[in-house]
Structure formats: structure tokens, C-alpha cells
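Engineer: Contents of final-v4.txt (compact mmCIF, C-alpha atoms) are below:
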```txt
# COMPACT_ATOMS: atom_id res chain seq x y z
CA MET J 1 -8.92 54.12 24.47
CA ALA J 2 -9.89 54.62 20.83
CA ASP J 3 -6.56 56.37 20.21
CA THR J 4 -4.69 53.15 20.82
CA LEU J 5 -6.56 51.43 18.00
CA HIS J 6 -5.54 51.12 14.38
CA VAL J 7 -8.60 51.39 12.15
CA GLU J 8 -8.77 50.58 8.45
CA LEU J 9 -11.52 51.16 5.95
CA GLY J 10 -11.97 48.42 3.36
CA ARG J 11 -13.82 48.84 0.11
CA ARG J 12 -14.35 46.36 -2.72
CA TYR J 13 -14.58 47.28 -6.39
CA HIS J 14 -15.32 45.18 -9.42
CA PHE J 15 -14.19 45.19 -13.00
CA ALA J 16 -14.09 42.71 -15.87
CA ALA J 17 -11.13 42.44 -18.20
CA SER J 18 -9.33 40.00 -20.44
CA HIS J 19 -5.68 39.05 -20.42
CA ARG J 20 -3.22 36.68 -22.00
CA LEU J 21 -0.17 35.44 -20.15
CA HIS J 22 2.66 35.51 -22.65
CA ASN J 23 6.28 36.56 -22.37
CA ALA J 24 7.72 37.60 -25.74
CA LYS J 25 11.22 36.80 -24.48
CA LEU J 26 10.34 33.11 -24.20
CA SER J 27 9.73 30.59 -26.96
CA GLU J 28 6.22 29.48 -27.95
CA GLU J 29 6.92 26.13 -26.34
CA GLN J 30 8.14 27.71 -23.08
CA ASN J 31 5.16 30.06 -22.95
CA HIS J 32 2.81 27.17 -23.46
CA ARG J 33 4.51 25.10 -20.79
CA ILE J 34 4.60 27.90 -18.20
CA TYR J 35 1.23 29.51 -18.76
CA GLY J 36 -0.86 26.62 -20.08
CA LYS J 37 -4.40 27.65 -21.03
CA CYS J 38 -3.64 31.22 -19.97
CA ASN J 39 -1.36 31.42 -23.01
CA ASN J 40 -4.28 30.96 -25.45
CA PRO J 41 -3.50 33.60 -28.13
CA TYR J 42 -6.99 35.11 -28.06
CA GLY J 43 -6.90 35.69 -24.32
CA HIS J 44 -9.61 35.08 -21.76
CA GLY J 45 -11.34 37.15 -19.11
CA HIS J 46 -12.15 37.40 -15.43
CA ASN J 47 -14.46 39.29 -13.15
CA TYR J 48 -11.89 40.87 -10.87
CA THR J 49 -12.62 42.13 -7.39
CA VAL J 50 -10.22 44.72 -5.99
CA GLU J 51 -10.19 45.14 -2.22
CA VAL J 52 -8.61 48.41 -1.12
CA ARG J 53 -7.74 49.07 2.52
CA VAL J 54 -6.80 52.51 3.83
CA SER J 55 -5.94 53.69 7.32
CA GLY J 56 -5.86 56.99 9.17
CA GLU J 57 -7.46 58.97 11.93
CA VAL J 58 -11.23 58.69 12.22
CA ASP J 59 -12.41 62.29 11.86
CA PRO J 60 -14.67 62.98 14.87
CA ALA J 61 -16.86 65.32 12.80
CA THR J 62 -17.68 62.70 10.16
CA GLY J 63 -16.81 59.38 11.80
CA MET J 64 -14.79 58.57 8.70
CA ILE J 65 -11.19 57.75 7.78
CA ALA J 66 -12.03 58.86 4.25
CA ASN J 67 -15.26 59.87 2.64
CA LEU J 68 -16.35 56.99 0.42
CA ALA J 69 -17.27 59.44 -2.33
CA ASP J 70 -13.60 60.56 -2.48
CA LEU J 71 -12.21 57.03 -2.33
CA ASP J 72 -14.67 55.76 -4.95
CA ALA J 73 -13.91 58.65 -7.31
CA PHE J 74 -10.15 58.09 -6.96
CA VAL J 75 -10.32 54.32 -7.50
CA ASN J 76 -12.72 54.73 -10.42
CA GLU J 77 -10.44 57.21 -12.12
CA GLN J 78 -7.18 55.36 -11.44
CA VAL J 79 -8.25 51.75 -11.86
CA ILE J 80 -11.81 50.98 -12.86
CA GLU J 81 -12.11 53.34 -15.83
CA PRO J 82 -8.78 52.35 -17.41
CA PHE J 83 -9.18 48.60 -16.72
CA ASP J 84 -12.88 47.74 -16.99
CA HIS J 85 -13.85 45.89 -20.17
CA ARG J 86 -10.32 46.18 -21.51
CA SER J 87 -7.72 43.77 -22.73
CA LEU J 88 -4.98 44.34 -20.15
CA GLN J 89 -1.90 43.66 -22.29
CA ASP J 90 -3.32 45.50 -25.32
CA GLU J 91 -4.90 48.53 -23.67
CA VAL J 92 -3.05 49.20 -20.43
CA PRO J 93 0.46 50.51 -21.17
CA ALA J 94 1.89 49.02 -17.94
CA PHE J 95 1.24 45.53 -19.36
CA ARG J 96 2.78 45.99 -22.81
CA GLU J 97 6.10 44.68 -21.51
CA THR J 98 4.98 43.12 -18.24
CA VAL J 99 2.97 39.89 -18.17
CA PRO J 100 -0.51 40.71 -16.79
CA THR J 101 -0.52 38.04 -14.12
CA THR J 102 -2.69 38.96 -11.18
CA GLU J 103 0.47 39.36 -9.06
CA ASN J 104 1.61 42.11 -11.44
CA LEU J 105 -1.91 43.53 -11.65
CA CYS J 106 -2.06 43.76 -7.87
CA VAL J 107 1.25 45.66 -7.71
CA GLU J 108 0.18 47.97 -10.55
CA ILE J 109 -3.09 48.79 -8.79
CA PHE J 110 -1.20 49.47 -5.54
CA GLN J 111 1.14 51.88 -7.36
CA ARG J 112 -1.83 53.68 -8.89
CA LEU J 113 -3.62 54.04 -5.57
CA LYS J 114 -0.78 54.84 -3.18
CA GLY J 115 -1.13 58.54 -3.98
CA PHE J 116 -4.64 58.70 -2.49
CA PRO J 117 -4.45 62.06 -0.74
CA VAL J 118 -6.94 61.48 2.08
CA ALA J 119 -5.69 58.33 3.85
CA LYS J 120 -2.77 55.91 3.82
CA LEU J 121 -3.04 52.98 1.44
CA GLU J 122 -2.45 49.82 3.50
CA ALA J 123 -2.98 47.04 0.98
CA VAL J 124 -4.59 45.96 -2.25
CA ARG J 125 -6.05 42.48 -2.63
CA VAL J 126 -7.16 41.30 -6.05
CA VAL J 127 -9.52 38.36 -6.30
CA GLU J 128 -9.23 36.82 -9.76
CA THR J 129 -11.64 33.93 -9.23
CA SER J 130 -13.31 32.58 -6.13
CA ASN J 131 -10.28 30.31 -5.73
CA ASN J 132 -7.40 32.73 -6.38
CA SER J 133 -6.52 35.97 -4.65
CA PHE J 134 -3.40 38.12 -4.44
CA GLU J 135 -2.41 40.77 -1.94
CA TYR J 136 0.26 43.48 -1.97
CA ALA J 137 1.04 45.93 0.82
CA GLY J 138 4.02 47.71 -0.73
CA ASP J 139 7.66 46.75 -0.23
CA MET X 1 0.17 31.86 17.76
CA VAL X 2 -3.14 30.66 16.33
CA TYR X 3 -5.92 32.96 15.15
CA ILE X 4 -9.55 31.88 15.43
CA THR X 5 -12.44 33.79 13.90
CA ARG X 6 -16.11 33.73 14.74
CA LYS X 7 -18.68 35.38 12.52
CA LEU X 8 -22.06 36.78 13.41
CA GLU X 9 -24.71 38.77 11.63
CA PHE X 10 -27.02 41.44 12.87
CA SER X 11 -29.37 43.93 11.28
CA ALA X 12 -29.65 47.53 12.36
CA SER X 13 -30.57 50.96 11.12
CA HIS X 14 -28.64 54.21 11.34
CA LEU X 15 -28.24 57.64 9.85
CA TYR X 16 -25.33 60.04 9.55
CA HIS X 17 -25.91 63.51 10.86
CA ASN X 18 -23.63 65.93 12.67
CA PRO X 19 -25.68 68.60 14.48
CA ALA X 20 -22.63 70.90 14.54
CA LEU X 21 -22.87 71.18 10.74
CA SER X 22 -25.51 72.89 8.60
CA ALA X 23 -28.20 70.92 6.78
CA ASP X 24 -26.38 71.61 3.51
CA GLU X 25 -23.04 70.43 4.87
CA ASN X 26 -24.63 67.28 6.25
CA ARG X 27 -26.25 66.52 2.91
CA HIS X 28 -23.02 67.24 1.06
CA ILE X 29 -20.78 65.09 3.29
CA PHE X 30 -23.13 62.23 4.08
CA GLY X 31 -25.32 62.09 0.95
CA LYS X 32 -28.12 59.52 1.16
CA CYS X 33 -26.87 58.40 4.57
CA ASN X 34 -28.19 61.73 5.90
CA ASN X 35 -31.82 60.78 5.21
CA PRO X 36 -33.48 61.77 8.52
CA HIS X 37 -35.55 58.59 8.75
CA GLY X 38 -32.48 56.40 8.61
CA HIS X 39 -31.83 53.22 6.66
CA GLY X 40 -30.57 49.77 7.54
CA HIS X 41 -27.95 47.16 6.80
CA ASN X 42 -27.30 43.50 7.36
CA TYR X 43 -24.02 43.74 9.20
CA THR X 44 -21.55 40.87 9.32
CA LEU X 45 -19.05 40.89 12.14
CA GLU X 46 -15.88 38.80 12.18
CA VAL X 47 -14.08 38.60 15.49
CA THR X 48 -10.55 37.18 15.52
CA ILE X 49 -8.90 35.98 18.73
CA ALA X 50 -5.17 35.24 18.86
CA GLY X 51 -3.56 32.86 21.30
CA GLU X 52 -1.82 29.58 21.94
CA PRO X 53 -4.02 26.47 22.03
CA ASP X 54 -4.51 25.25 25.59
CA PRO X 55 -2.56 21.96 25.93
CA VAL X 56 -5.49 20.24 27.65
CA THR X 57 -8.43 21.40 25.53
CA GLY X 58 -6.57 22.14 22.29
CA MET X 59 -8.48 25.43 22.09
CA VAL X 60 -7.38 29.06 21.94
CA LEU X 61 -10.76 29.96 23.38
CA ASP X 62 -13.87 27.81 23.57
CA LEU X 63 -15.99 29.05 20.64
CA LYS X 64 -19.11 28.36 22.66
CA GLU X 65 -17.89 30.89 25.20
CA LEU X 66 -17.05 33.40 22.46
CA LYS X 67 -20.51 32.89 20.96
CA GLU X 68 -22.11 33.74 24.31
CA ILE X 69 -19.96 36.86 24.70
CA LEU X 70 -20.94 38.01 21.20
CA GLU X 71 -24.61 37.31 21.86
CA CYS X 72 -24.56 39.25 25.11
CA GLU X 73 -22.34 42.20 24.06
CA ILE X 74 -23.24 42.67 20.41
CA THR X 75 -26.43 40.90 19.31
CA GLN X 76 -28.50 41.95 22.30
CA ARG X 77 -27.20 45.48 22.10
CA MET X 78 -27.34 46.10 18.34
CA ASP X 79 -29.52 43.58 16.53
CA HIS X 80 -32.73 45.13 15.21
CA ARG X 81 -31.86 48.45 16.84
CA PHE X 82 -31.51 51.98 15.56
CA LEU X 83 -27.81 52.52 16.28
CA ASN X 84 -28.03 56.31 16.74
CA TYR X 85 -30.81 56.18 19.33
CA GLU X 86 -30.61 52.81 21.01
CA VAL X 87 -26.91 52.05 21.48
CA ALA X 88 -25.59 54.20 24.31
CA GLU X 89 -21.95 53.72 23.27
CA LEU X 90 -22.69 55.40 19.93
CA LYS X 91 -24.41 58.47 21.37
CA ASN X 92 -22.76 61.62 20.00
CA GLN X 93 -20.84 59.63 17.39
CA ILE X 94 -21.62 59.20 13.71
CA PRO X 95 -22.35 55.45 13.43
CA THR X 96 -20.06 54.85 10.46
CA CYS X 97 -18.55 51.45 9.90
CA GLU X 98 -15.28 52.77 11.42
CA ASN X 99 -16.96 54.00 14.61
CA VAL X 100 -19.21 50.95 15.06
CA ALA X 101 -16.17 48.68 14.64
CA ARG X 102 -14.33 50.71 17.28
CA VAL X 103 -17.24 50.52 19.70
CA ILE X 104 -17.44 46.76 19.17
CA TRP X 105 -13.71 46.47 19.87
CA ASN X 106 -14.05 48.39 23.12
CA LEU X 107 -17.02 46.27 24.19
CA LEU X 108 -15.35 42.97 23.44
CA GLU X 109 -11.73 43.46 24.42
CA PRO X 110 -12.23 43.40 28.21
CA LYS X 111 -14.53 40.37 27.96
CA ILE X 112 -12.17 37.95 26.20
CA PRO X 113 -11.13 35.47 28.92
CA GLN X 114 -8.40 33.61 27.02
CA GLY X 115 -6.09 34.69 24.23
CA HIS X 116 -6.59 38.27 23.11
CA LEU X 117 -8.69 40.19 20.65
CA HIS X 118 -6.67 40.50 17.44
CA ARG X 119 -9.06 41.95 14.89
CA VAL X 120 -12.63 43.15 14.59
CA ARG X 121 -13.87 43.29 11.01
CA LEU X 122 -17.30 44.75 10.48
CA TYR X 123 -18.97 44.50 7.08
CA GLU X 124 -21.73 47.01 6.42
CA SER X 125 -22.22 45.41 3.01
CA ALA X 126 -20.24 42.92 0.93
CA ASP X 127 -18.21 45.81 -0.52
CA LEU X 128 -17.63 47.95 2.57
CA PHE X 129 -15.97 47.06 5.86
CA ALA X 130 -13.81 48.44 8.66
CA ASP X 131 -11.00 46.65 10.49
CA CYS X 132 -9.86 47.41 14.01
CA TYR X 133 -6.56 46.30 15.58
CA ARG X 134 -4.62 47.21 18.68
CA ASN X 135 -2.02 49.73 17.47
CA GLY X 136 1.17 47.98 16.37
CA ALA X 137 -0.39 44.52 16.61
CA LYS X 138 -1.66 44.12 13.06
CA GLY X 139 0.53 41.22 11.96
CA LEU X 140 -1.47 38.56 10.22
CA ALA X 141 -4.32 39.96 8.15
```
For this file, write the structure as C-alpha cells.

Structural biologist:
Amino acid sequence: MADTLHVELGRRYHFAASHRLHNAKLSEEQNHRIYGKCNNPYGHGHNYTVEVRVSGEVDPATGMIANLADLDAFVNEQVIEPFDHRSLQDEVPAFRETVPTTENLCVEIFQRLKGFPVAKLEAVRVVETSNNSFEYAGD
Amino acid sequence: MVYITRKLEFSASHLYHNPALSADENRHIFGKCNNPHGHGHNYTLEVTIAGEPDPVTGMVLDLKELKEILECEITQRMDHRFLNYEVAELKNQIPTCENVARVIWNLLEPKIPQGHLHRVRLYESADLFADCYRNGAKGLA
């Protein structure tokens, strides 16, 4: 019966970072109109929560889809270390040309995690504030 | 299709140990979870039922009925229990979040009288959970 079930493991991670929403291709006035307060030149920060869901066979020897130690190490290396306490557009190369909206952040995190060798990445959900969250499950 | 979700909390202890592996292997794979005396969690269970609202009652499934099923199948079986030793369905399984979620699915699915079980989500802590779906029926998260 268990074989007919699809099981996913979900894990939440936390990091804090600052960003500024600004598109250099647009005028100052357009940037201000589109991004409002988020266009403040000095930037602002959030406590981000990243929810990662992976799927796969539950190994009968361990009861696990993936050992949390492996998943944690991978996410820490790929996402938490490079993003935590950073200014996203200034310190993460992916956001030099791309506006660091949380939509784009969510896609970037998915791309970084889809190579997890132990289990299949199902989706990444990024919670920017308690009122806003974004989810990406690949194309 | 409408999805309704009922939440419940229970507290239980467990430990991870596979007798087919050496003490070293157990410690290496399971870490602190291999502590022989066990440890506990406050589990949160979210059960999602999918169905069409009944035209007379306006309900997919009477939540009172679902609450009673959850009380009987899950709370009475698992709350304030040591999962390894006191839950027969988990005998010979490592009581990871994945396996406990699967056992809960198998306990609940045949008991749902209206609509059908869509998802079981079991939180072991705020940052760790497992989801269970019928294969190919994931749809709405």
C-alpha cells in the first residue's frame, strides 16, 4: 500500500538579507512608481524563510527520503552561506542584473538546489514576511 | 473540488535505531536521534480532505466527524506514547517523519466516509515535515 503513496520531506531554513528593488533600465521616476518603498536607495532587509520539499523512495533501512544532515549541508552551502547577512543585489552575482524580487529569489534558490543528488527537488517556497510568500516548482 | 484541512497536535517520543546496522553505523546515520532513551516532539498533523460540498449540508465532510476519526485513529494511538514501542503499525520501522506520515495515511484513508484523503502533512517541528499524497494525485499543494 505504501508503494502507491507519494511522500515528500519538507524542511525550512532561515536567513536574513537586504535588497533593493531597482531596474537600471528604467528611469528614477518609473522605478519609484513601480517599486515604491522597496526602491529606497539604501535598501532594506527581511528575515526570509525558505521551505524546501524533496521527494523520493523512503529507504527502508533508514526510514528517510534523504538524510537531513545531507540536505542541510547542501542547502547551507548553496543558499544560506552565500545569502545570509548579505545585500542580495550587491553580493550575489545572480542579482547584479536581475531585480532581487522574491519571485526571482525563489527561482534562483530552486536552480541552486535542483542538483541535490539524494532526492528530487519538488518545490521551493520563500516566505518574505508573514504576509507574503512565493513558490516555484520548476517550469 | 474543495479542500478542507483539519489540524491536530499530539506529543510523542521516539528513537531511530536499525538493529541490522552496527552501533557505529546507527550513530553515524541517525546522530542524536539514536540516543537509546529516546526523545520527544510536539507533532502537528494537518489532514486535507478533497471533495465536492454536499448540496444539502454545504460540507465536503462534517468536521465534527473528521475530528472524531482523528481522535480515535491518531490521538488515542499516538498521543503521549513512545512510537517505537507502543504503536503497532510502526513496529519494525524507523519512526521518521516520512514513515509516521505514511502510517497515518494508511490509518485514515479507509476511514474517510465522504470526499477523499488528499494530503497528510506531519510536522515534527516548525522546520521539519513530511507530506503524503496518493501517487499522481498531488495537484493543489

Engineer: Could you list the residues in chain J lying within 8 Å of chain X, using all atoms listed in the file, and format the result as a list in words?

Structural biologist: Met1, Ala2, Thr4, Leu5, His6, Val7, Glu8, Leu9, Gly10, Arg11, Arg12, Tyr13, Val58, Pro60, Ala61, Thr62, Gly63, Met64, Ile65 and Asn67 of chain J

Engineer: List as number ranges by chain the protein and nucleic acid residues near segment 80-96 of chain J, meaning an atom at most 9 Å away when all atoms listed in the file are counted, but skip any in the same chain fewer than 3 places from it.

Structural biologist: J: 13-21, 43-45, 75-77, 99-100, 104-105, 108

Engineer: When you look at Val47 of chain X with a cut-off of 8 Å (counting all atoms listed in the file), what residues show up, excluding the ones that are within fewer than 2 positions of it in the same chain? I need them as number ranges by chain.

Structural biologist: X: 5-7, 45, 49, 117-121

Engineer: So, with all atoms listed in the file as the atoms that count, which of J:Asp139, J:Glu29, J:Asp72, J:Glu51 lies closest to Val127 of chain J?

Structural biologist: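 Once distances to Val127 of chain J are computed over all atoms listed in the file, the minimum belongs to J:Glu51.
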
Engineer: Which polymer residues have any atom within 6 Å of an atom of Ala50 of chain X, counting only C-alpha atoms, with same-chain residues fewer than 3 positions away left out, as a list in words?

Structural biologist: Val2, Tyr3, Gly115, His116 and His118 of chain X

Engineer: Kindly export the residues of the current selection with C-alpha atoms, as a tab-separated table (two decimals), keeping the file's coordinate frame.

Structural biologist:
```
chain	number	residue	atom	x	y	z
X	2	VAL	CA	-3.14	30.66	16.33
X	3	TYR	CA	-5.92	32.96	15.15
X	115	GLY	CA	-6.09	34.69	24.23
X	116	HIS	CA	-6.59	38.27	23.11
X	118	HIS	CA	-6.67	40.50	17.44
```

Engineer: Please indicate the distance in Å from atom CA of Phe110 of chain J to atom CA of Gly138 of chain J, rounded to one decimal place.

Structural biologist: 7.3 Å

Engineer: So how far away is atom CA of Lys32 of chain X from atom CA of Gln76 of chain X, in Å?

Structural biologist: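 If I compute the distance from atom CA of Gln76 of chain X to atom CA of Lys32 of chain X, I get 27.5 Å.
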
Engineer: Env of Glu86 of chain X: 12 Å cut, atoms = only C-alpha atoms, seq-sep filter 2 positions within chain, self excluded. Answer as an mmCIF file with C-alpha atoms, in the coordinates of the input.

Structural biologist:
```cif
data_model
loop_
_atom_site.group_PDB
_atom_site.id
_atom_site.type_symbol
_atom_site.label_atom_id
_atom_site.label_comp_id
_atom_site.auth_asym_id
_atom_site.auth_seq_id
_atom_site.Cartn_x
_atom_site.Cartn_y
_atom_site.Cartn_z
ATOM 1 C CA ALA X 12 -29.650 47.530 12.360
ATOM 2 C CA SER X 13 -30.570 50.960 11.120
ATOM 3 C CA HIS X 14 -28.640 54.210 11.340
ATOM 4 C CA GLN X 76 -28.500 41.950 22.300
ATOM 5 C CA ARG X 77 -27.200 45.480 22.100
ATOM 6 C CA MET X 78 -27.340 46.100 18.340
ATOM 7 C CA ASP X 79 -29.520 43.580 16.530
ATOM 8 C CA HIS X 80 -32.730 45.130 15.210
ATOM 9 C CA ARG X 81 -31.860 48.450 16.840
ATOM 10 C CA PHE X 82 -31.510 51.980 15.560
ATOM 11 C CA LEU X 83 -27.810 52.520 16.280
ATOM 12 C CA ASN X 84 -28.030 56.310 16.740
ATOM 13 C CA ALA X 88 -25.590 54.200 24.310
ATOM 14 C CA GLU X 89 -21.950 53.720 23.270
ATOM 15 C CA LEU X 90 -22.690 55.400 19.930
ATOM 16 C CA LYS X 91 -24.410 58.470 21.370
ATOM 17 C CA ASN X 92 -22.760 61.620 20.000
ATOM 18 C CA PRO X 95 -22.350 55.450 13.430
#
```

Engineer: Distance atom CA of Glu135 of chain J-atom CA of Val79 of chain J, one decimal place?

Structural biologist: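 Those two atoms sit 15.9 Å apart.
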